[in-house]
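Novice: For reference, this is target-v7.tsv, and it has TSV, C-alpha atoms.
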```tsv
chain	number	residue	atom	x	y	z
A	16	MET	CA	179.34	52.48	110.58
A	17	ASN	CA	177.13	55.36	109.43
A	18	PRO	CA	178.26	58.94	110.14
A	19	PRO	CA	176.37	60.92	112.77
A	20	THR	CA	173.13	62.50	111.58
A	21	SER	CA	171.52	65.73	112.64
A	22	ALA	CA	167.88	66.03	113.62
A	23	SER	CA	167.08	67.68	110.31
A	24	SER	CA	168.74	64.96	108.23
A	25	ARG	CA	166.98	62.22	110.13
A	26	ASN	CA	163.68	63.74	108.95
A	27	ASP	CA	164.89	64.24	105.37
A	28	PRO	CA	164.55	61.17	103.12
A	29	ALA	CA	167.33	62.64	100.97
A	30	ALA	CA	169.89	62.31	103.81
A	31	THR	CA	171.88	59.25	102.74
A	32	ARG	CA	175.41	57.90	103.01
A	33	PRO	CA	178.08	59.93	101.14
A	34	VAL	CA	178.65	57.21	98.56
A	35	GLU	CA	174.92	57.12	97.82
A	36	GLN	CA	174.74	60.89	97.60
A	37	ALA	CA	177.50	60.98	95.00
A	38	ARG	CA	175.80	58.33	92.89
A	39	LEU	CA	172.40	60.03	93.18
A	40	ALA	CA	173.92	63.41	92.35
A	41	GLN	CA	175.34	61.95	89.15
A	42	LEU	CA	171.99	60.37	88.32
A	43	ALA	CA	170.20	63.70	88.88
A	44	GLN	CA	172.48	65.26	86.27
A	45	GLN	CA	171.85	62.47	83.77
A	46	ILE	CA	168.04	62.38	84.02
A	47	PRO	CA	167.40	65.68	82.18
A	48	ALA	CA	169.66	64.55	79.32
A	49	TRP	CA	167.81	61.26	79.04
A	50	GLY	CA	164.54	63.17	79.09
A	51	ALA	CA	165.73	65.35	76.21
A	52	GLU	CA	166.51	62.22	74.19
A	53	LEU	CA	162.87	61.18	74.67
A	54	GLY	CA	161.54	64.51	73.44
A	55	PHE	CA	160.94	66.31	76.72
A	56	GLY	CA	161.59	70.03	76.69
A	57	ALA	CA	162.78	70.11	80.29
A	58	VAL	CA	163.04	67.78	83.27
A	59	GLY	CA	163.46	68.84	86.89
A	60	ILE	CA	163.61	67.16	90.28
A	61	GLY	CA	161.78	68.47	93.31
A	62	ASP	CA	160.55	67.57	96.75
A	63	ILE	CA	156.97	66.41	97.18
A	64	ASP	CA	155.80	68.73	99.95
A	65	THR	CA	152.63	70.43	98.69
A	66	ALA	CA	151.57	71.91	102.04
A	67	GLU	CA	151.98	75.46	100.79
A	68	ALA	CA	149.50	74.94	97.95
A	69	MET	CA	146.84	72.96	99.83
A	70	PRO	CA	145.07	75.94	101.50
A	71	HIS	CA	144.57	77.48	98.06
A	72	LEU	CA	143.08	74.23	96.74
A	73	GLN	CA	140.77	73.95	99.75
A	74	ALA	CA	139.56	77.54	99.36
A	75	TRP	CA	138.89	76.88	95.66
A	76	LEU	CA	136.88	73.77	96.50
A	77	ASP	CA	134.99	75.52	99.31
A	78	ALA	CA	133.96	78.25	96.86
A	79	GLY	CA	132.57	75.59	94.51
A	80	ARG	CA	134.77	76.78	91.69
A	81	HIS	CA	135.51	73.21	90.62
A	82	GLY	CA	131.98	72.89	89.24
A	83	ASP	CA	131.07	69.30	88.35
A	84	MET	CA	134.60	68.02	88.88
A	85	ASP	CA	133.68	66.16	92.05
A	86	TYR	CA	136.86	64.10	91.83
A	87	MET	CA	138.82	67.22	92.78
A	88	ALA	CA	137.17	67.22	96.20
A	89	ARG	CA	136.97	63.45	96.50
A	90	HIS	CA	140.73	63.02	96.01
A	91	ARG	CA	141.94	66.09	97.87
A	92	HIS	CA	143.69	63.94	100.50
A	93	LEU	CA	145.73	62.27	97.75
A	94	ARG	CA	146.77	65.64	96.39
A	95	ALA	CA	147.87	66.66	99.86
A	96	ASP	CA	150.37	63.81	100.18
A	97	PRO	CA	151.85	62.06	97.13
A	98	ARG	CA	153.07	59.30	99.45
A	99	LEU	CA	149.50	58.02	99.42
A	100	LEU	CA	150.08	57.27	95.74
A	101	LEU	CA	153.58	55.89	96.24
A	102	PRO	CA	154.58	54.81	99.76
A	103	ARG	CA	158.06	56.06	100.66
A	104	ALA	CA	157.99	58.61	97.85
A	105	ALA	CA	160.83	61.08	98.35
A	106	ARG	CA	161.08	63.09	95.13
A	107	VAL	CA	159.20	63.93	91.96
A	108	ILE	CA	160.77	63.96	88.52
A	109	SER	CA	158.69	66.57	86.70
A	110	ALA	CA	158.80	66.74	82.90
A	111	ARG	CA	157.65	69.28	80.31
A	112	LEU	CA	156.47	68.10	76.89
A	113	ASP	CA	155.94	70.87	74.31
A	114	TYR	CA	152.90	70.37	72.07
A	115	ARG	CA	152.84	72.99	69.34
A	116	PRO	CA	152.73	71.02	66.04
A	117	ARG	CA	156.08	70.54	64.32
A	118	ARG	CA	154.98	72.47	61.22
A	119	ASP	CA	153.26	75.27	63.10
A	120	ARG	CA	153.44	78.72	61.57
A	121	CYS	CA	155.87	81.37	62.76
A	122	ASP	CA	152.90	83.73	63.13
A	123	TRP	CA	150.85	81.11	64.95
A	124	VAL	CA	149.52	83.48	67.62
A	125	GLU	CA	148.20	85.92	65.03
A	126	HIS	CA	146.76	83.08	62.94
A	127	GLU	CA	144.97	81.45	65.86
A	128	THR	CA	143.64	84.81	67.04
A	129	ALA	CA	142.34	85.58	63.54
A	130	ARG	CA	140.41	82.28	63.43
A	131	LEU	CA	138.52	83.32	66.55
A	132	ALA	CA	137.14	86.22	64.52
A	133	GLN	CA	135.95	83.88	61.73
A	134	PRO	CA	132.66	82.63	63.23
A	135	GLU	CA	132.13	79.88	60.65
A	136	GLN	CA	135.41	78.23	61.71
A	137	ALA	CA	135.49	75.56	64.43
A	138	VAL	CA	138.23	76.39	66.93
A	139	ILE	CA	139.68	73.43	68.79
A	140	SER	CA	142.36	73.92	71.40
A	141	ILE	CA	145.83	73.42	69.93
A	142	TYR	CA	146.79	70.65	72.35
A	143	ALA	CA	143.86	68.46	71.25
A	144	ARG	CA	144.44	68.48	67.49
A	145	GLY	CA	146.87	65.56	67.56
A	146	ARG	CA	147.14	62.31	69.52
A	147	ASP	CA	145.89	61.92	73.06
A	148	TYR	CA	148.68	63.41	75.15
A	149	HIS	CA	147.97	61.09	78.07
A	150	LYS	CA	149.20	58.12	76.05
A	151	VAL	CA	152.20	59.92	74.58
A	152	LEU	CA	153.28	61.40	77.90
A	153	ARG	CA	152.76	58.20	79.88
A	154	GLN	CA	154.75	56.10	77.39
A	155	ARG	CA	157.74	58.44	77.44
A	156	LEU	CA	157.70	58.83	81.20
A	157	ARG	CA	157.81	55.05	81.49
A	158	GLN	CA	160.78	54.98	79.15
A	159	LEU	CA	162.54	57.58	81.28
A	160	ALA	CA	161.77	55.60	84.45
A	161	ALA	CA	163.17	52.46	82.80
A	162	ARG	CA	166.34	54.32	81.82
A	163	VAL	CA	166.84	55.27	85.46
A	164	ALA	CA	166.40	51.62	86.47
A	165	GLN	CA	169.06	50.59	83.97
A	166	ALA	CA	171.48	52.97	85.65
A	167	ILE	CA	170.71	52.34	89.32
A	168	GLY	CA	168.82	49.06	89.52
A	169	PRO	CA	165.29	48.38	90.77
A	170	TYR	CA	163.62	51.24	92.63
A	171	GLY	CA	160.14	52.38	93.56
A	172	TYR	CA	158.34	54.73	91.20
A	173	ARG	CA	154.95	55.65	89.78
A	174	VAL	CA	154.33	57.40	86.47
A	175	CYS	CA	151.61	60.08	86.56
A	176	THR	CA	149.89	62.27	84.00
A	177	ASP	CA	147.14	64.77	84.77
A	178	SER	CA	144.72	61.90	85.31
A	179	ALA	CA	146.49	61.20	88.63
A	180	PRO	CA	145.50	63.25	91.71
A	181	LEU	CA	148.63	65.37	91.97
A	182	LEU	CA	149.16	69.11	92.24
A	183	GLU	CA	151.23	68.98	89.09
A	184	VAL	CA	151.77	72.73	88.66
A	185	GLU	CA	153.01	73.04	92.23
A	186	LEU	CA	155.28	70.04	91.84
A	187	ALA	CA	156.65	71.38	88.55
A	188	ARG	CA	157.27	74.74	90.18
A	189	LYS	CA	159.18	73.08	93.01
A	190	ALA	CA	161.19	71.13	90.45
A	191	GLY	CA	162.35	74.40	88.90
A	192	LEU	CA	160.38	74.18	85.65
A	193	GLY	CA	158.71	77.57	86.01
A	194	TRP	CA	156.18	79.58	87.99
A	195	ARG	CA	152.40	79.65	88.23
A	196	GLY	CA	150.97	82.34	85.95
A	197	LYS	CA	147.97	84.49	86.74
A	198	HIS	CA	145.90	82.19	84.50
A	199	THR	CA	146.96	79.34	86.91
A	200	LEU	CA	149.03	77.50	84.27
A	201	LEU	CA	152.75	76.90	84.64
A	202	LEU	CA	154.88	79.44	82.80
A	203	SER	CA	158.46	79.04	81.66
A	204	GLN	CA	160.80	81.79	80.51
A	205	GLN	CA	162.13	79.37	77.90
A	206	ALA	CA	158.86	77.88	76.65
A	207	GLY	CA	155.83	79.92	77.67
A	208	SER	CA	152.94	77.62	78.62
A	209	MET	CA	152.19	75.52	75.54
A	210	PHE	CA	153.23	72.22	77.06
A	211	PHE	CA	152.02	69.24	79.06
A	212	LEU	CA	153.32	68.22	82.46
A	213	GLY	CA	153.99	64.69	83.65
A	214	GLU	CA	155.58	63.21	86.73
A	215	ILE	CA	157.51	60.24	88.02
A	216	LEU	CA	157.09	59.84	91.75
A	217	THR	CA	160.11	58.01	93.10
A	218	ASP	CA	161.50	56.73	96.36
A	219	LEU	CA	165.00	57.71	95.24
A	220	PRO	CA	166.23	60.60	97.43
A	221	LEU	CA	167.66	62.52	94.50
A	222	PRO	CA	169.12	66.02	94.96
A	223	ALA	CA	166.31	68.48	94.29
A	224	ASP	CA	166.53	71.35	91.83
A	225	VAL	CA	166.06	74.80	93.32
A	226	PRO	CA	162.62	76.27	92.52
A	227	PRO	CA	162.40	79.89	91.39
A	228	ASP	CA	161.28	81.18	94.78
A	229	ALA	CA	163.45	84.28	94.97
A	230	PRO	CA	161.72	87.68	94.95
A	231	GLY	CA	160.78	88.64	91.41
A	232	ALA	CA	161.01	85.07	90.15
A	233	GLU	CA	157.34	85.04	89.17
A	234	HIS	CA	157.72	86.98	85.96
A	235	CYS	CA	154.14	88.09	85.29
A	236	GLY	CA	154.72	91.49	86.88
A	237	SER	CA	151.79	93.87	86.45
A	238	CYS	CA	150.58	92.16	83.25
A	239	THR	CA	146.89	91.19	83.24
A	240	ARG	CA	146.46	90.24	79.57
A	241	CYS	CA	145.23	86.71	80.37
A	242	ILE	CA	142.65	88.09	82.79
A	243	ASP	CA	141.48	90.82	80.42
A	244	VAL	CA	141.14	88.57	77.35
A	245	CYS	CA	139.14	85.72	78.92
A	246	PRO	CA	135.80	85.64	77.02
A	247	THR	CA	133.78	84.53	80.04
A	248	GLN	CA	135.79	86.31	82.76
A	249	ALA	CA	136.66	82.96	84.28
A	250	ILE	CA	139.93	84.29	85.75
A	251	VAL	CA	138.21	86.12	88.58
A	252	ALA	CA	141.44	87.43	90.09
A	253	PRO	CA	145.16	86.80	89.59
A	254	TYR	CA	145.86	83.09	90.18
A	255	GLN	CA	142.14	82.36	90.70
A	256	LEU	CA	140.10	80.49	88.10
A	257	ASP	CA	136.38	79.79	88.37
A	258	ALA	CA	136.10	76.62	86.31
A	259	ARG	CA	132.32	77.04	86.08
A	260	ARG	CA	132.88	79.95	83.71
A	261	CYS	CA	135.88	78.52	81.84
A	262	ILE	CA	135.23	77.48	78.23
A	263	SER	CA	137.65	74.56	78.57
A	264	TYR	CA	135.62	73.26	81.50
A	265	LEU	CA	132.27	73.92	79.81
A	266	THR	CA	133.21	72.14	76.57
A	267	ILE	CA	135.16	69.24	78.08
A	268	GLU	CA	134.41	68.52	81.74
A	269	HIS	CA	130.83	69.75	82.06
A	270	ARG	CA	128.32	67.03	81.24
A	271	GLY	CA	125.04	68.91	81.22
A	272	SER	CA	123.42	71.97	79.71
A	273	ILE	CA	125.76	74.90	79.17
A	274	PRO	CA	124.43	77.97	81.00
A	275	VAL	CA	122.55	80.15	78.54
A	276	ALA	CA	124.23	83.36	79.68
A	277	LEU	CA	127.64	81.95	78.78
A	278	ARG	CA	126.77	80.54	75.36
A	279	PRO	CA	127.12	83.77	73.35
A	280	LEU	CA	130.51	84.36	75.01
A	281	MET	CA	131.87	81.04	73.78
A	282	GLY	CA	131.96	82.20	70.16
A	283	ASN	CA	133.28	79.46	67.87
A	284	ARG	CA	135.32	77.61	70.51
A	285	VAL	CA	134.08	74.01	70.44
A	286	TYR	CA	136.72	72.12	72.43
A	287	GLY	CA	138.84	73.93	74.95
A	288	CYS	CA	140.06	77.52	74.80
A	289	ASP	CA	143.53	78.98	74.26
A	290	ASP	CA	142.72	82.68	74.65
A	291	CYS	CA	144.65	83.26	77.86
A	292	GLN	CA	147.69	81.56	76.37
A	293	LEU	CA	147.48	83.41	73.06
A	294	ALA	CA	147.44	86.69	74.99
A	295	CYS	CA	150.40	85.81	77.19
A	296	PRO	CA	153.62	87.58	76.14
A	297	TRP	CA	155.71	84.64	77.35
A	298	ASN	CA	154.27	82.44	74.62
A	299	LYS	CA	156.42	84.18	72.05
A	300	PHE	CA	158.91	81.62	73.38
A	301	ALA	CA	156.54	78.65	73.06
A	302	ARG	CA	158.32	75.81	71.32
A	303	VAL	CA	157.19	73.38	68.67
A	304	SER	CA	157.14	69.73	69.61
A	305	ARG	CA	159.91	67.41	68.54
A	306	LEU	CA	157.36	64.59	68.23
A	307	PRO	CA	155.01	63.73	65.34
A	308	ASP	CA	152.28	62.77	67.81
A	309	PHE	CA	151.00	66.34	68.12
A	310	ASP	CA	150.81	67.02	64.40
A	311	VAL	CA	147.31	68.13	63.38
A	312	ARG	CA	144.99	65.29	62.38
A	313	HIS	CA	141.93	65.37	60.10
A	314	GLY	CA	142.28	69.08	59.33
A	315	LEU	CA	141.18	70.12	62.81
A	316	ASP	CA	143.09	73.39	62.49
A	317	ALA	CA	140.95	74.53	59.57
A	318	ALA	CA	137.59	72.76	59.87
A	319	THR	CA	134.26	74.57	59.71
A	320	LEU	CA	131.41	74.23	62.19
A	321	VAL	CA	129.03	72.88	59.55
A	322	GLU	CA	131.53	70.26	58.48
A	323	LEU	CA	132.12	68.92	62.02
A	324	PHE	CA	128.42	69.11	62.96
A	325	ALA	CA	127.65	66.70	60.13
A	326	TRP	CA	129.83	63.94	61.59
A	327	SER	CA	127.91	60.81	62.50
A	328	PRO	CA	128.72	58.88	65.69
A	329	GLU	CA	130.78	56.54	63.52
A	330	ASP	CA	132.67	59.47	61.99
A	331	PHE	CA	133.34	60.86	65.44
A	332	GLU	CA	134.71	57.57	66.77
A	333	ALA	CA	136.85	56.90	63.71
A	334	ARG	CA	138.35	60.37	63.35
A	335	HIS	CA	138.93	60.92	67.05
A	336	ALA	CA	140.36	57.46	67.71
A	337	GLY	CA	143.49	58.00	69.78
A	338	SER	CA	142.50	61.61	70.47
A	339	ALA	CA	141.75	63.34	73.77
A	340	ILE	CA	138.54	64.68	72.18
A	341	ARG	CA	137.01	61.22	72.02
A	342	ARG	CA	136.40	61.19	75.77
A	343	ILE	CA	133.59	63.78	75.59
A	344	GLY	CA	131.55	61.58	73.24
A	345	HIS	CA	129.49	62.47	70.19
A	346	GLU	CA	126.60	63.93	72.20
A	347	ARG	CA	128.67	66.65	73.89
A	348	TRP	CA	130.57	67.21	70.63
A	349	LEU	CA	127.25	68.12	68.99
A	350	ARG	CA	126.22	70.20	72.04
A	351	ASN	CA	129.36	72.32	71.75
A	352	LEU	CA	129.04	72.72	68.00
A	353	ALA	CA	125.38	73.70	68.30
A	354	VAL	CA	126.32	76.58	70.60
A	355	ALA	CA	128.97	77.76	68.14
A	356	LEU	CA	126.49	77.51	65.25
A	357	GLY	CA	124.12	79.65	67.28
A	358	ASN	CA	126.86	82.26	67.48
A	359	ALA	CA	127.70	82.02	63.76
A	360	PRO	CA	126.03	84.04	60.99
A	361	GLY	CA	122.67	82.56	60.03
A	362	THR	CA	123.66	81.42	56.56
A	363	PRO	CA	121.56	78.84	54.70
A	364	ALA	CA	124.25	76.21	55.40
A	365	VAL	CA	124.24	76.95	59.15
A	366	LEU	CA	120.44	76.86	59.39
A	367	ALA	CA	120.23	73.66	57.34
A	368	ALA	CA	122.80	72.01	59.60
A	369	LEU	CA	120.86	72.97	62.71
A	370	TRP	CA	117.50	71.87	61.35
A	371	ALA	CA	119.03	68.52	60.41
A	372	ARG	CA	119.69	67.93	64.14
A	373	ALA	CA	116.49	69.49	65.48
A	374	ASP	CA	114.95	66.07	66.19
A	375	HIS	CA	118.11	64.48	67.55
A	376	PRO	CA	117.34	61.67	70.03
A	377	SER	CA	119.43	63.34	72.76
A	378	PRO	CA	117.51	65.93	74.83
A	379	LEU	CA	120.83	67.66	75.50
A	380	VAL	CA	121.58	68.08	71.81
A	381	ARG	CA	117.98	69.11	70.97
A	382	GLU	CA	118.00	71.80	73.65
A	383	HIS	CA	121.19	73.39	72.37
A	384	VAL	CA	120.05	73.15	68.74
A	385	GLN	CA	116.78	74.86	69.68
A	386	TRP	CA	118.71	77.64	71.39
A	387	ALA	CA	120.91	78.05	68.32
A	388	LEU	CA	117.91	78.23	65.99
A	389	ALA	CA	116.31	80.79	68.28
A	390	GLN	CA	119.46	82.89	68.00
A	391	HIS	CA	118.77	83.06	64.26
A	392	GLY	CA	115.11	83.93	64.69
A	393	SER	CA	114.01	80.40	64.02
A	394	GLY	CA	113.23	77.40	66.17
A	395	THR	CA	110.77	74.80	67.35
A	396	ASP	CA	107.89	75.12	69.75
A	397	ALA	CA	109.95	73.72	72.64
A	398	ALA	CA	111.25	76.36	75.02
A	399	VAL	CA	114.92	76.70	75.79
A	400	PRO	CA	115.44	76.66	79.57
A	401	ALA	CA	117.03	79.85	80.84
A	402	THR	CA	119.73	78.17	82.90
A	403	PRO	CA	121.16	80.79	85.29
A	404	VAL	CA	124.89	81.24	84.95
A	405	SER	CA	125.35	80.39	88.63
A	406	LEU	CA	123.72	76.95	88.28
A	407	HIS	CA	125.46	73.87	86.94
A	408	LEU	CA	124.06	70.41	86.54
A	409	LYS	CA	125.74	67.71	88.56
A	410	ALA	CA	127.86	65.15	86.80
A	411	ASP	CA	126.26	61.80	86.06
```
Output the file's structure in the form of structure tokens.
Specialist:
Amino acid sequence: MNPPTSASSRNDPAATRPVEQARLAQLAQQIPAWGAELGFGAVGIGDIDTAEAMPHLQAWLDAGRHGDMDYMARHRHLRADPRLLLPRAARVISARLDYRPRRDRCDWVEHETARLAQPEQAVISIYARGRDYHKVLRQRLRQLAARVAQAIGPYGYRVCTDSAPLLEVELARKAGLGWRGKHTLLLSQQAGSMFFLGEILTDLPLPADVPPDAPGAEHCGSCTRCIDVCPTQAIVAPYQLDARRCISYLTIEHRGSIPVALRPLMGNRVYGCDDCQLACPWNKFARVSRLPDFDVRHGLDAATLVELFAWSPEDFEARHAGSAIRRIGHERWLRNLAVALGNAPGTPAVLAALWARADHPSPLVREHVQWALAQHGSGTDAAVPATPVSLHLKAD
């Protein structure tokens, strides 16, 4: 015979028999240790109620700040209720995977900042210099889910990376992994923000960790360094990002012509942007990865713009095999590099590289090469369209 239940416990999927609670409580203590064995920096357990965050998402979508990312609006109902992804979902196991390369420098912030001031250098976001994190994260989350099954038997779960329609920062916050910074990324007192997030949705009613909701738990204080440093002023207010101005969006998600007004502001950033993270004081605690997967490949931490612009489609496919960069394709790779070459000094090598692509078969590449040549007082007869900063081409 089951003990009496209160009205609140009847509505709480975590209200179970005492013997089950004891077993689940033990499991909840073991899961972070198993995660650490797999290379995760932290693992937390939280409830899946995202109601508090949904009005902010809706306001962001209504303002059009998602740009071409139509899937954000199309899947908003899935983000509102993770049970649409996993029926009977009761908890989320949220995991943090640090990605700074194992052999990263002690003065990495100063080094990365200095490279931004070397216009002939090609700056690629730190997270993208190694293997595709989706594959690494998904594999290790599956191993963690299997370890849970070994301990408790078959159960319902779904492994998710950022390709799944979840409010992962909100879920990680509720699982006690940190707080949302003013740049909208998750911040941790122990690890800054240089990490990936992944989730295991589960129907196990595990005891939830306590999120840092107490007054003063969001430790940004009056700091606005991330807002002040953003090259394109994409962080329009604390906790509000306009993706249409964000260099990460423009170089990765955006499929069309980069607005002309934003091109000079992009500098030598050709895939992603780490500026807001480099400026964040909490990243003095950012940790190096324990995994070889995020070690730098093909010299992407020291490559020049001219060198990368010379890559053929075959070079691009071969050298970015297994990399997150591969998803943008060679055409957008050249588009991004052309903008950076337009911002670089007009050396003979830079001009020769641009002229070599002036007749590229892609109209998108040609247009950005023409703009770059015009920046150096050279160019073809074709006009560069003055795309207003407020306009963005729709995704294909």
Novice: Using all atoms listed in the file, find each residue of region 101-151 of chain A with at least one atom at most 10 Å away from an atom of region 306-317 of chain A; report its shortest atom-to-atom pair and that distance in Å (one decimal), sort the rows by chain and rising residue number, and return the result as a Markdown table.
Specialist:
```
| residue | atom | partner | partner_atom | distance |
| --- | --- | --- | --- | --- |
| A:Leu112 | CA | A:Leu306 | CA | 9.4 |
| A:Asp113 | CA | A:Leu306 | CA | 8.9 |
| A:Tyr114 | CA | A:Phe309 | CA | 6.0 |
| A:Arg115 | CA | A:Phe309 | CA | 7.0 |
| A:Pro116 | CA | A:Asp310 | CA | 4.7 |
| A:Arg117 | CA | A:Asp310 | CA | 6.3 |
| A:Arg118 | CA | A:Asp310 | CA | 7.6 |
| A:Asp119 | CA | A:Asp310 | CA | 8.7 |
| A:Glu127 | CA | A:Asp316 | CA | 8.9 |
| A:Arg130 | CA | A:Ala317 | CA | 8.7 |
| A:Gln136 | CA | A:Ala317 | CA | 7.0 |
| A:Ala137 | CA | A:Ala317 | CA | 7.4 |
| A:Val138 | CA | A:Asp316 | CA | 7.2 |
| A:Ile139 | CA | A:Leu315 | CA | 7.0 |
| A:Ser140 | CA | A:Asp316 | CA | 9.0 |
| A:Ile141 | CA | A:Asp316 | CA | 7.9 |
| A:Tyr142 | CA | A:Phe309 | CA | 7.4 |
| A:Ala143 | CA | A:Phe309 | CA | 8.1 |
| A:Arg144 | CA | A:Val311 | CA | 5.0 |
| A:Gly145 | CA | A:Phe309 | CA | 4.2 |
| A:Arg146 | CA | A:Asp308 | CA | 5.4 |
| A:Asp147 | CA | A:Asp308 | CA | 8.3 |
| A:Tyr148 | CA | A:Phe309 | CA | 8.0 |
| A:Lys150 | CA | A:Asp308 | CA | 10.0 |
| A:Val151 | CA | A:Asp308 | CA | 7.3 |
```
Novice: For CA of Asn358 (chain A) and CA of Ser393 (chain A), determine how far apart the two atoms are, in Å to one decimal place.
Specialist: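 Separation between CA of Asn358 (chain A) and CA of Ser393 (chain A): 13.4 Å.
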Novice: Excluding His391 (chain A) and residues on its chain fewer than 4 positions from it, collect all residues at most 8 Å away from it, counting all atoms listed in the file, and give them as a VMD selection string.
Specialist: chain A and resid 357 361 387
Novice: Which one of A:Trp348, A:Ile273, A:Trp297, A:Leu265 sits closest to Leu201 (chain A) if you count all atoms listed in the file?
Specialist: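 Distance minimum relative to Leu201 (chain A) lands on A:Trp297.
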Novice: Tell me, in Å to one decimal, how far CA of Ala190 (chain A) is from CA of Met69 (chain A).
Specialist: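 So the answer is 17.2 Å.
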Novice: Please work out which residues fall within 9 Å of (146.2, 62.2, 82.6), coordinates as given in the file, with all atoms listed in the file counting, and return them as JSON, numbers by chain.
Specialist: {"A": [148, 149, 150, 152, 153, 175, 176, 177, 178, 179, 213]}
